$ cat query_12.txt   # compact mmCIF, C-alpha atoms
# COMPACT_ATOMS: atom_id res chain seq x y z
CA MET A 15 -3.14 -29.04 -12.52
CA ASN A 16 -0.46 -26.53 -11.52
CA ASN A 17 2.18 -28.25 -9.40
CA GLN A 18 4.31 -25.21 -8.79
CA GLU A 19 4.79 -23.84 -5.29
CA ARG A 20 1.93 -21.66 -4.10
CA ILE A 21 2.91 -18.01 -3.65
CA ASN A 22 0.66 -16.06 -1.28
CA VAL A 23 0.46 -12.29 -1.13
CA THR A 24 2.13 -12.47 2.27
CA GLN A 25 3.56 -14.98 4.69
CA PRO A 26 4.29 -14.36 8.38
CA PHE A 27 7.88 -14.27 9.49
CA LEU A 28 8.43 -16.99 12.09
CA PRO A 29 11.62 -16.89 14.17
CA PRO A 30 13.39 -20.15 15.07
CA LEU A 31 11.00 -22.32 17.05
CA GLU A 32 13.62 -23.25 19.62
CA GLU A 33 14.00 -19.56 20.51
CA PHE A 34 10.27 -19.18 21.09
CA THR A 35 10.24 -22.37 23.16
CA GLU A 36 12.45 -20.66 25.73
CA TYR A 37 9.80 -17.97 26.19
CA LEU A 38 7.05 -20.56 26.48
CA GLU A 39 8.96 -22.49 29.12
CA ASP A 40 9.30 -19.30 31.15
CA ILE A 41 5.57 -18.58 30.81
CA TRP A 42 4.87 -22.11 32.07
CA LYS A 43 7.06 -21.44 35.10
CA ARG A 44 5.43 -18.10 35.87
CA LYS A 45 1.88 -19.45 35.42
CA TRP A 46 0.66 -15.95 34.53
CA LEU A 47 -1.04 -16.15 31.15
CA THR A 48 -2.83 -12.82 30.77
CA ASN A 49 -3.88 -9.57 32.47
CA ASN A 50 -0.75 -7.38 32.37
CA GLY A 51 1.77 -10.14 32.95
CA TYR A 52 5.55 -9.99 32.76
CA TYR A 53 5.88 -10.28 28.98
CA HIS A 54 3.02 -7.87 28.39
CA GLN A 55 4.86 -5.24 30.41
CA GLU A 56 8.18 -6.03 28.73
CA LEU A 57 6.69 -5.73 25.24
CA GLU A 58 5.11 -2.37 26.07
CA LYS A 59 8.49 -1.05 27.20
CA ALA A 60 10.32 -2.49 24.20
CA LEU A 61 7.80 -1.07 21.72
CA CYS A 62 7.91 2.38 23.31
CA ASP A 63 11.69 2.36 22.90
CA PHE A 64 11.58 0.98 19.37
CA LEU A 65 8.86 3.30 18.11
CA GLY A 66 10.05 6.35 19.99
CA VAL A 67 6.78 6.93 21.85
CA GLU A 68 5.98 7.31 25.55
CA TYR A 69 2.71 5.45 25.93
CA ILE A 70 1.39 2.31 24.29
CA SER A 71 -1.47 -0.02 25.23
CA LEU A 72 -1.45 -3.57 23.87
CA PHE A 73 -4.58 -5.29 22.56
CA ALA A 74 -5.72 -8.74 21.51
CA ASN A 75 -6.29 -7.33 18.02
CA ALA A 76 -6.38 -4.00 16.22
CA THR A 77 -10.14 -4.00 15.62
CA LEU A 78 -10.77 -3.96 19.36
CA ALA A 79 -8.18 -1.19 19.62
CA LEU A 80 -10.05 0.89 17.02
CA VAL A 81 -13.38 0.36 18.77
CA LEU A 82 -11.98 1.39 22.16
CA ALA A 83 -10.00 4.33 20.78
CA LEU A 84 -13.29 5.84 19.67
CA GLN A 85 -14.79 5.06 23.08
CA GLU A 86 -11.90 6.65 24.94
CA MET A 87 -12.10 9.84 22.85
CA ARG A 88 -15.90 9.87 23.39
CA ILE A 89 -16.48 10.16 19.66
CA SER A 90 -20.09 10.32 18.50
CA GLY A 91 -22.21 11.66 15.65
CA GLU A 92 -20.28 11.63 12.37
CA VAL A 93 -16.67 10.78 11.57
CA ILE A 94 -14.96 11.59 8.28
CA THR A 95 -13.01 8.67 6.88
CA THR A 96 -11.92 6.89 3.70
CA PRO A 97 -13.69 4.18 1.71
CA PHE A 98 -10.29 2.80 0.59
CA SER A 99 -9.31 0.63 3.54
CA PHE A 100 -9.96 -2.69 5.22
CA VAL A 101 -13.50 -2.95 6.58
CA ALA A 102 -12.37 -2.87 10.23
CA THR A 103 -11.80 0.88 9.87
CA THR A 104 -15.47 1.60 9.28
CA HIS A 105 -16.82 -1.33 11.30
CA SER A 106 -15.26 0.26 14.39
CA LEU A 107 -17.48 3.27 13.78
CA TRP A 108 -20.56 1.11 13.27
CA TRP A 109 -19.97 -0.69 16.57
CA ASN A 110 -19.90 2.71 18.30
CA ASN A 111 -23.12 3.85 16.60
CA ILE A 112 -21.16 6.50 14.67
CA LYS A 113 -22.03 7.48 11.12
CA PRO A 114 -19.10 7.23 8.71
CA VAL A 115 -18.78 10.02 6.15
CA PHE A 116 -16.65 9.00 3.18
CA VAL A 117 -14.44 11.41 1.29
CA ASP A 118 -12.25 10.68 -1.71
CA ILE A 119 -8.55 9.78 -1.75
CA GLU A 120 -5.45 11.34 -3.26
CA PRO A 121 -4.29 9.79 -6.54
CA GLU A 122 -0.63 10.04 -5.45
CA THR A 123 -0.86 8.15 -2.12
CA TYR A 124 -4.35 6.56 -2.02
CA ASN A 125 -4.79 8.25 1.38
CA ILE A 126 -7.70 10.46 2.37
CA ASP A 127 -7.63 13.74 0.44
CA PRO A 128 -7.43 16.68 2.89
CA GLU A 129 -8.84 19.00 0.23
CA LYS A 130 -12.12 17.06 0.40
CA ILE A 131 -12.47 16.99 4.19
CA GLU A 132 -13.77 20.49 4.95
CA ALA A 133 -16.74 20.16 2.60
CA ALA A 134 -17.81 17.01 4.47
CA ILE A 135 -17.82 18.62 7.93
CA THR A 136 -21.25 19.17 9.51
CA PRO A 137 -22.37 20.22 13.02
CA LYS A 138 -22.44 16.49 13.86
CA THR A 139 -18.81 15.86 12.90
CA THR A 140 -16.63 15.00 15.89
CA ALA A 141 -13.51 13.39 14.42
CA ILE A 142 -11.44 12.42 11.40
CA LEU A 143 -10.37 8.79 10.99
CA PRO A 144 -7.68 8.71 8.27
CA VAL A 145 -5.74 5.60 7.22
CA HIS A 146 -2.04 5.52 6.37
CA VAL A 147 -2.71 3.20 3.43
CA TYR A 148 0.10 0.70 2.72
CA GLY A 149 2.11 2.54 5.38
CA ASN A 150 2.36 5.72 3.29
CA PRO A 151 1.88 8.78 5.51
CA CYS A 152 -1.26 10.87 5.17
CA ASN A 153 -0.90 14.63 4.84
CA ILE A 154 -0.65 14.89 8.61
CA GLU A 155 -0.03 18.65 8.73
CA LYS A 156 -3.07 19.56 6.65
CA ILE A 157 -5.33 17.09 8.47
CA GLN A 158 -4.27 18.46 11.85
CA GLU A 159 -4.78 22.03 10.65
CA ILE A 160 -8.36 21.23 9.65
CA ALA A 161 -8.99 19.41 12.93
CA ASP A 162 -7.71 22.35 14.95
CA ILE A 163 -9.88 24.84 13.08
CA TYR A 164 -13.08 22.82 13.59
CA GLY A 165 -12.30 21.33 17.00
CA LEU A 166 -12.14 17.73 15.78
CA LYS A 167 -10.23 14.75 17.11
CA VAL A 168 -7.84 12.87 14.80
CA ILE A 169 -7.55 9.11 15.27
CA TYR A 170 -5.22 7.41 12.80
CA ASP A 171 -5.79 3.90 11.59
CA ALA A 172 -2.06 3.16 11.42
CA ALA A 173 -2.47 -0.61 10.99
CA HIS A 174 0.10 -0.72 8.15
CA THR A 175 2.71 1.61 9.62
CA PHE A 176 4.85 -0.33 12.09
CA GLY A 177 8.39 1.04 11.91
CA VAL A 178 7.51 3.85 9.48
CA THR A 179 9.07 7.24 10.23
CA ILE A 180 8.68 10.63 8.60
CA ASN A 181 11.63 13.01 8.91
CA GLY A 182 12.97 10.75 11.62
CA GLN A 183 9.80 10.74 13.75
CA SER A 184 7.56 7.73 14.19
CA LEU A 185 4.39 8.04 12.13
CA VAL A 186 2.32 6.74 15.05
CA SER A 187 3.25 9.77 17.13
CA TYR A 188 0.77 11.96 15.19
CA GLY A 189 -2.90 12.54 15.87
CA ASP A 190 -4.74 12.23 19.18
CA LEU A 191 -4.39 8.45 18.98
CA SER A 192 -2.86 5.98 16.52
CA ILE A 193 -3.79 2.32 16.18
CA LEU A 194 -1.33 -0.37 15.08
CA SER A 195 -2.10 -3.90 13.92
CA PHE A 196 0.07 -6.88 14.84
CA HIS A 197 -1.96 -9.34 12.75
CA ALA A 198 -0.11 -12.28 11.20
CA THR A 199 -0.15 -10.50 7.80
CA LYS A 200 1.68 -7.43 9.11
CA VAL A 201 5.41 -6.63 9.04
CA PHE A 202 5.51 -7.11 12.81
CA ASN A 203 3.12 -9.65 14.26
CA THR A 204 2.09 -11.22 17.55
CA PHE A 205 -0.08 -13.87 15.81
CA GLU A 206 -3.04 -11.54 16.38
CA GLY A 207 -2.69 -8.26 18.19
CA GLY A 208 -2.75 -4.51 18.10
CA ALA A 209 -1.99 -1.37 20.07
CA ILE A 210 -3.10 2.18 20.77
CA ILE A 211 -0.43 4.87 20.96
CA SER A 212 -1.43 7.77 23.20
CA HIS A 213 0.41 10.89 24.38
CA ASP A 214 -0.14 11.15 28.12
CA GLY A 215 -0.38 8.89 31.11
CA LYS A 216 -3.97 9.80 31.91
CA THR A 217 -5.19 8.74 28.48
CA LYS A 218 -3.24 5.48 28.64
CA LYS A 219 -4.74 4.71 32.03
CA ARG A 220 -8.29 5.20 30.69
CA ILE A 221 -7.51 2.99 27.69
CA ASP A 222 -6.14 0.29 29.96
CA PHE A 223 -9.29 0.46 32.10
CA LEU A 224 -11.51 0.07 29.04
CA LYS A 225 -9.66 -2.96 27.67
CA ASN A 226 -10.01 -4.77 31.03
CA PHE A 227 -13.76 -4.54 31.71
CA GLY A 228 -13.35 -1.05 33.19
CA PHE A 229 -11.58 -2.29 36.32
CA ALA A 230 -9.58 0.38 38.16
CA GLY A 231 -8.94 -1.86 41.14
CA GLU A 232 -10.06 -5.15 42.60
CA THR A 233 -13.59 -3.94 43.35
CA THR A 234 -13.83 -0.71 41.35
CA VAL A 235 -15.25 -0.54 37.83
CA VAL A 236 -15.07 2.95 36.34
CA ALA A 237 -16.49 2.31 32.86
CA PRO A 238 -18.33 -0.38 30.87
CA GLY A 239 -15.18 -1.80 29.31
CA ILE A 240 -14.64 -5.08 27.49
CA ASN A 241 -12.01 -7.81 27.46
CA ALA A 242 -9.45 -6.76 24.84
CA LYS A 243 -6.20 -7.70 26.57
CA MET A 244 -3.15 -9.20 24.86
CA ASN A 245 -2.08 -12.47 26.45
CA GLU A 246 1.43 -13.50 27.51
CA VAL A 247 2.04 -15.86 24.58
CA GLN A 248 1.30 -13.09 22.09
CA ALA A 249 3.46 -10.63 24.00
CA ALA A 250 6.40 -13.01 24.26
CA PHE A 251 6.19 -13.74 20.54
CA GLY A 252 6.24 -9.99 19.88
CA LEU A 253 9.41 -9.56 21.92
CA LEU A 254 11.11 -12.27 19.86
CA GLN A 255 9.79 -10.83 16.58
CA LEU A 256 11.18 -7.43 17.46
CA LYS A 257 14.71 -8.83 17.44
CA TYR A 258 14.36 -9.74 13.77
CA PHE A 259 12.45 -6.70 12.53
CA ASP A 260 15.38 -4.78 11.04
CA GLU A 261 16.56 -7.87 9.16
CA CYS A 262 13.06 -8.47 7.78
CA LEU A 263 12.73 -4.82 6.76
CA LYS A 264 15.93 -5.01 4.70
CA LYS A 265 14.62 -8.07 2.86
CA ARG A 266 11.29 -6.40 2.13
CA LYS A 267 13.05 -3.32 0.80
CA ARG A 268 15.20 -5.40 -1.54
CA ILE A 269 12.12 -7.17 -2.90
CA ALA A 270 10.33 -3.85 -3.49
CA GLN A 271 13.37 -2.46 -5.31
CA TYR A 272 13.61 -5.59 -7.45
CA TYR A 273 9.93 -5.34 -8.41
CA ARG A 274 10.33 -1.69 -9.36
CA GLU A 275 13.41 -2.34 -11.47
CA ASN A 276 11.75 -5.18 -13.38
CA LEU A 277 8.27 -3.71 -13.79
CA LYS A 278 9.16 -0.13 -14.70
CA ASN A 279 9.10 -0.61 -18.48
CA ILE A 280 5.91 -2.65 -18.74
CA LYS A 281 3.16 -0.64 -20.42
CA GLY A 282 0.08 -0.17 -18.30
CA VAL A 283 1.81 -1.05 -15.02
CA SER A 284 2.60 1.64 -12.43
CA TYR A 285 3.45 1.66 -8.76
CA LEU A 286 4.08 3.98 -5.83
CA ASP A 287 7.61 5.23 -5.29
CA ASP A 288 9.24 5.88 -1.93
CA ILE A 289 8.44 9.28 -0.44
CA GLN A 290 11.30 11.61 0.40
CA GLY A 291 11.93 11.80 4.14
CA VAL A 292 9.96 8.62 4.86
CA GLN A 293 11.45 5.38 6.09
CA HIS A 294 9.01 2.86 4.65
CA ASN A 295 8.29 -0.63 5.94
CA TYR A 296 7.38 -2.14 2.53
CA SER A 297 4.37 -3.89 4.00
CA TYR A 298 2.65 -4.07 0.60
CA PHE A 299 3.63 -3.74 -3.04
CA PRO A 300 0.57 -2.41 -4.90
CA ILE A 301 0.55 -1.88 -8.66
CA ILE A 302 -2.01 -0.25 -10.94
CA ILE A 303 -3.12 -2.07 -14.10
CA GLU A 304 -4.47 0.15 -16.89
CA GLU A 305 -6.27 -2.15 -19.29
CA ASN A 306 -5.97 0.05 -22.38
CA LEU A 307 -2.17 -0.06 -22.14
CA PHE A 308 -1.56 -3.41 -20.44
CA GLY A 309 -3.84 -5.45 -22.67
CA ILE A 310 -6.09 -7.03 -20.05
CA CYS A 311 -7.88 -5.70 -16.98
CA ARG A 312 -6.78 -6.09 -13.39
CA ASP A 313 -9.35 -8.80 -12.65
CA SER A 314 -8.19 -10.88 -15.60
CA LEU A 315 -4.59 -10.59 -14.42
CA TYR A 316 -5.71 -11.61 -10.92
CA GLU A 317 -7.40 -14.74 -12.26
CA GLU A 318 -4.49 -15.62 -14.55
CA MET A 319 -2.09 -15.34 -11.62
CA LYS A 320 -4.29 -17.63 -9.53
CA ARG A 321 -4.23 -20.21 -12.35
CA ARG A 322 -0.45 -20.16 -11.98
CA ASN A 323 -0.62 -20.61 -8.19
CA ILE A 324 0.19 -16.94 -7.48
CA PHE A 325 -2.28 -15.40 -5.05
CA ALA A 326 -2.03 -11.63 -5.24
CA ARG A 327 -4.77 -9.59 -3.57
CA ARG A 328 -6.97 -6.74 -4.75
CA TYR A 329 -6.42 -4.50 -1.73
CA PHE A 330 -8.78 -2.65 -1.43
CA TYR A 331 -11.62 -3.95 -3.54
CA PRO A 332 -14.53 -3.51 -3.31
CA LEU A 333 -14.54 -0.16 -1.60
CA ILE A 334 -16.07 -0.14 1.87
CA SER A 335 -18.71 2.20 0.46
CA HIS A 336 -19.97 -0.67 -1.72
CA PHE A 337 -20.78 -2.99 1.19
CA PRO A 338 -24.47 -3.35 2.19
CA ALA A 339 -24.03 -1.73 5.61
CA TYR A 340 -22.68 1.47 4.06
CA LYS A 341 -23.74 1.79 0.42
CA LYS A 342 -26.94 3.66 1.27
CA LEU A 343 -25.05 6.49 2.94
CA ASN A 344 -25.16 9.76 1.02
CA SER A 345 -21.36 9.92 1.09
CA ALA A 346 -21.08 6.45 -0.50
CA VAL A 347 -22.31 7.59 -3.91
CA PRO A 348 -19.64 6.56 -6.48
CA GLU A 349 -19.82 9.96 -8.19
CA ASN A 350 -18.50 11.53 -4.97
CA LEU A 351 -15.53 9.13 -4.85
CA PRO A 352 -14.08 9.11 -8.39
CA VAL A 353 -10.42 8.52 -7.43
CA SER A 354 -11.32 5.78 -4.96
CA GLU A 355 -13.48 4.07 -7.58
CA TRP A 356 -10.74 4.33 -10.23
CA VAL A 357 -8.02 2.93 -7.97
CA ALA A 358 -10.15 0.11 -6.52
CA LYS A 359 -10.84 -1.24 -10.01
CA ARG A 360 -7.16 -1.26 -10.99
CA ILE A 361 -5.12 -2.02 -7.86
CA ILE A 362 -3.48 -5.35 -7.14
CA CYS A 363 -0.94 -6.10 -4.40
CA LEU A 364 1.90 -8.41 -5.37
CA PRO A 365 3.45 -10.99 -3.02
CA ILE A 366 6.02 -9.52 -0.66
CA TYR A 367 7.45 -11.05 2.51
CA PRO A 368 10.93 -11.79 3.91
CA GLY A 369 10.89 -15.47 2.89
CA LEU A 370 9.91 -14.80 -0.74
CA SER A 371 12.64 -16.32 -2.92
CA LYS A 372 14.14 -14.58 -5.94
CA GLU A 373 12.92 -17.49 -8.06
CA ASN A 374 9.34 -16.87 -6.98
CA ILE A 375 9.66 -13.11 -7.38
CA ASN A 376 10.74 -13.78 -10.96
CA ARG A 377 7.74 -16.08 -11.43
CA VAL A 378 5.46 -13.19 -10.47
CA ILE A 379 7.25 -10.73 -12.76
CA THR A 380 7.34 -13.15 -15.70
CA VAL A 381 3.61 -13.82 -15.51
CA ILE A 382 2.86 -10.09 -15.50
CA ARG A 383 5.11 -9.53 -18.50
CA CYS A 384 3.81 -12.51 -20.43
CA ILE A 385 0.08 -12.08 -20.15
CA GLY A 386 0.07 -8.32 -20.56
CA ASN A 387 1.20 -6.30 -23.57
CA ASP A 388 3.30 -7.61 -26.46
CA GLU A 389 6.83 -6.58 -25.50
CA LYS A 390 9.42 -8.15 -27.79
CA ASP A 391 12.00 -9.23 -25.21
CA ILE A 392 9.77 -11.67 -23.34
CA ASN A 393 10.89 -15.26 -23.01
CA TYR A 394 7.58 -16.87 -24.02
CA GLU A 395 8.99 -20.35 -23.56
CA GLN A 396 9.57 -19.51 -19.91
CA CYS A 397 6.09 -18.08 -19.65
CA ASN A 398 4.49 -21.20 -21.09
CA CYS A 399 6.21 -23.24 -18.39
CA LEU A 400 4.31 -21.23 -15.82
CA VAL A 401 0.89 -22.37 -17.03
$ encode --input "query_12.txt" --output "structure tokens"
Amino acid sequence: MNNQERINVTQPFLPPLEEFTEYLEDIWKRKWLTNNGYYHQELEKALCDFLGVEYISLFANATLALVLALQEMRISGEVITTPFSFVATTHSLWWNNIKPVFVDIEPETYNIDPEKIEAAITPKTTAILPVHVYGNPCNIEKIQEIADIYGLKVIYDAAHTFGVTINGQSLVSYGDLSILSFHATKVFNTFEGGAIISHDGKTKKRIDFLKNFGFAGETTVVAPGINAKMNEVQAAFGLLQLKYFDECLKKRKRIAQYYRENLKNIKGVSYLDDIQGVQHNYSYFPIIIEENLFGICRDSLYEEMKRRNIFARRYFYPLISHFPAYKKLNSAVPENLPVSEWVAKRIICLPIYPGLSKENINRVITVIRCIGNDEKDINYEQCNCLV
């Protein structure tokens, strides 16, 4: 049995408990636990300032935010999206009785390929739902150009992008709406949580109606909304988390740089580099494993790492287009998604989080070096100790 410390793909940053206790004590005094309370309002203001946006609506989780974003934009018919994402992206369409239309991804970013979008547009198409995968920006200019030509809405699944900027501007400021996730696995978390970024007060007001049963006053219901509100405990935790974000970002960046430096000469291993003009948040560290060069396939590496108590994740595998609810769609045919299929079979995300020690980072790197190709400078004695 392996007695070494378990290394997960991620671990939530938790600020000092005594600092959070102060917030909880204040919530106890106020006796206002949900429904646009003090901390909810404070977090909205703080996030607008931090992200450089004017309007933000907080949610209990990002999936509800996706579902209601589509409702608010009155999206129907067909929506063009990517199969290379977490299932919530496409499930939000399903819950709105919208047909997803999958198009392939770019090999350089793993984001939706704008060159494939126009061919997928039909008279039923009403919107594009791209994903900034791993926090890497989509080709926002080209996507918007296509949307403008065909009169389509653009709603970005920006779950991975907290704190990401492109040429100094927040990535969530693009599109008609952008949706953030504050899930415990994200770089900024409120235990669970999410948000919709909008661009005018009228839109924000409609979103806020929808997430609170449609109430526009004590006795007035203007739409069949649902209960998707963020509570005060989540909001207070977010305010505290925000104080530590820059520190956490620096740690994530150092880990990513260390991985790159130590993996760059391993045959059959490749990774994404930083994009010029983009401030990344290093939310994930995906690598590609090419079996013919590395020596074993991605799935074998995944299992070998698990045997050594290292739990990387195959984000995103299988493709959404492989799941029963979607695989019968015409757009889900593997032949139409060659890049997505290729990447999904080879991608693996390595552990990365602020509390990941250098010793454990080296454990991850050593396992990859040892069980892959036959480089001559490997310390096999060290590798054997990892079994």
$ residues_around --input "query_12.txt" --residues "Asn75 of chain A" --least-positions-apart "6" --cutoff "12 Å" --atoms "all atoms listed in the file" --output "VMD selection string"
chain A and resid 81 to 82 102 173 193 to 198 200 203 to 210 225 241 to 245 248 to 249
$ atom_distance --input "query_12.txt" --atom1 "atom CA of Thr77 of chain A" --atom2 "atom CA of Leu107 of chain A"
10.5 Å
$ residues_around --input "query_12.txt" --residues "Leu84 of chain A" --least-positions-apart "3" --cutoff "9 Å" --atoms "all atoms listed in the file" --output "ChimeraX atom specification"
/A:79-81,87-90,106-107,110,169
$ closest_residue --input "query_12.txt" --among "A:Leu315, A:Val357, A:Ile302, A:Leu364" --to "Arg327 of chain A" --atoms "all atoms listed in the file"
A:Leu364
$ closest_residue --input "query_12.txt" --among "A:Gly165, A:Pro30, A:Pro121, A:Pro128" --to "Tyr285 of chain A" --atoms "all atoms listed in the file"
A:Pro121
$ closest_residue --input "query_12.txt" --among "A:Cys152, A:Ile289, A:Ile334, A:Ala172" --to "Glu120 of chain A" --atoms "all atoms listed in the file"
A:Cys152
$ axis_aligned_box --input "query_12.txt" --around "segment 120-133 of chain A" --padding-each-side "5 Å" --output "AutoDock Vina command-line options"
--center_x -8.7 --center_y 13.5 --center_z -0.8 --size_x 26.1 --size_y 23.9 --size_z 21.5
$ closest_residue --input "query_12.txt" --among "A:Phe251, A:Phe325, A:Tyr298, A:Tyr316" --to "Leu38 of chain A" --atoms "all atoms listed in the file"
A:Phe251
$ atom_distance --input "query_12.txt" --atom1 "atom CA of Ile142 of chain A" --atom2 "atom CA of Lys359 of chain A"
25.4 Å
$ atom_distance --input "query_12.txt" --atom1 "atom CA of Pro338 of chain A" --atom2 "atom CA of Met319 of chain A"
28.9 Å
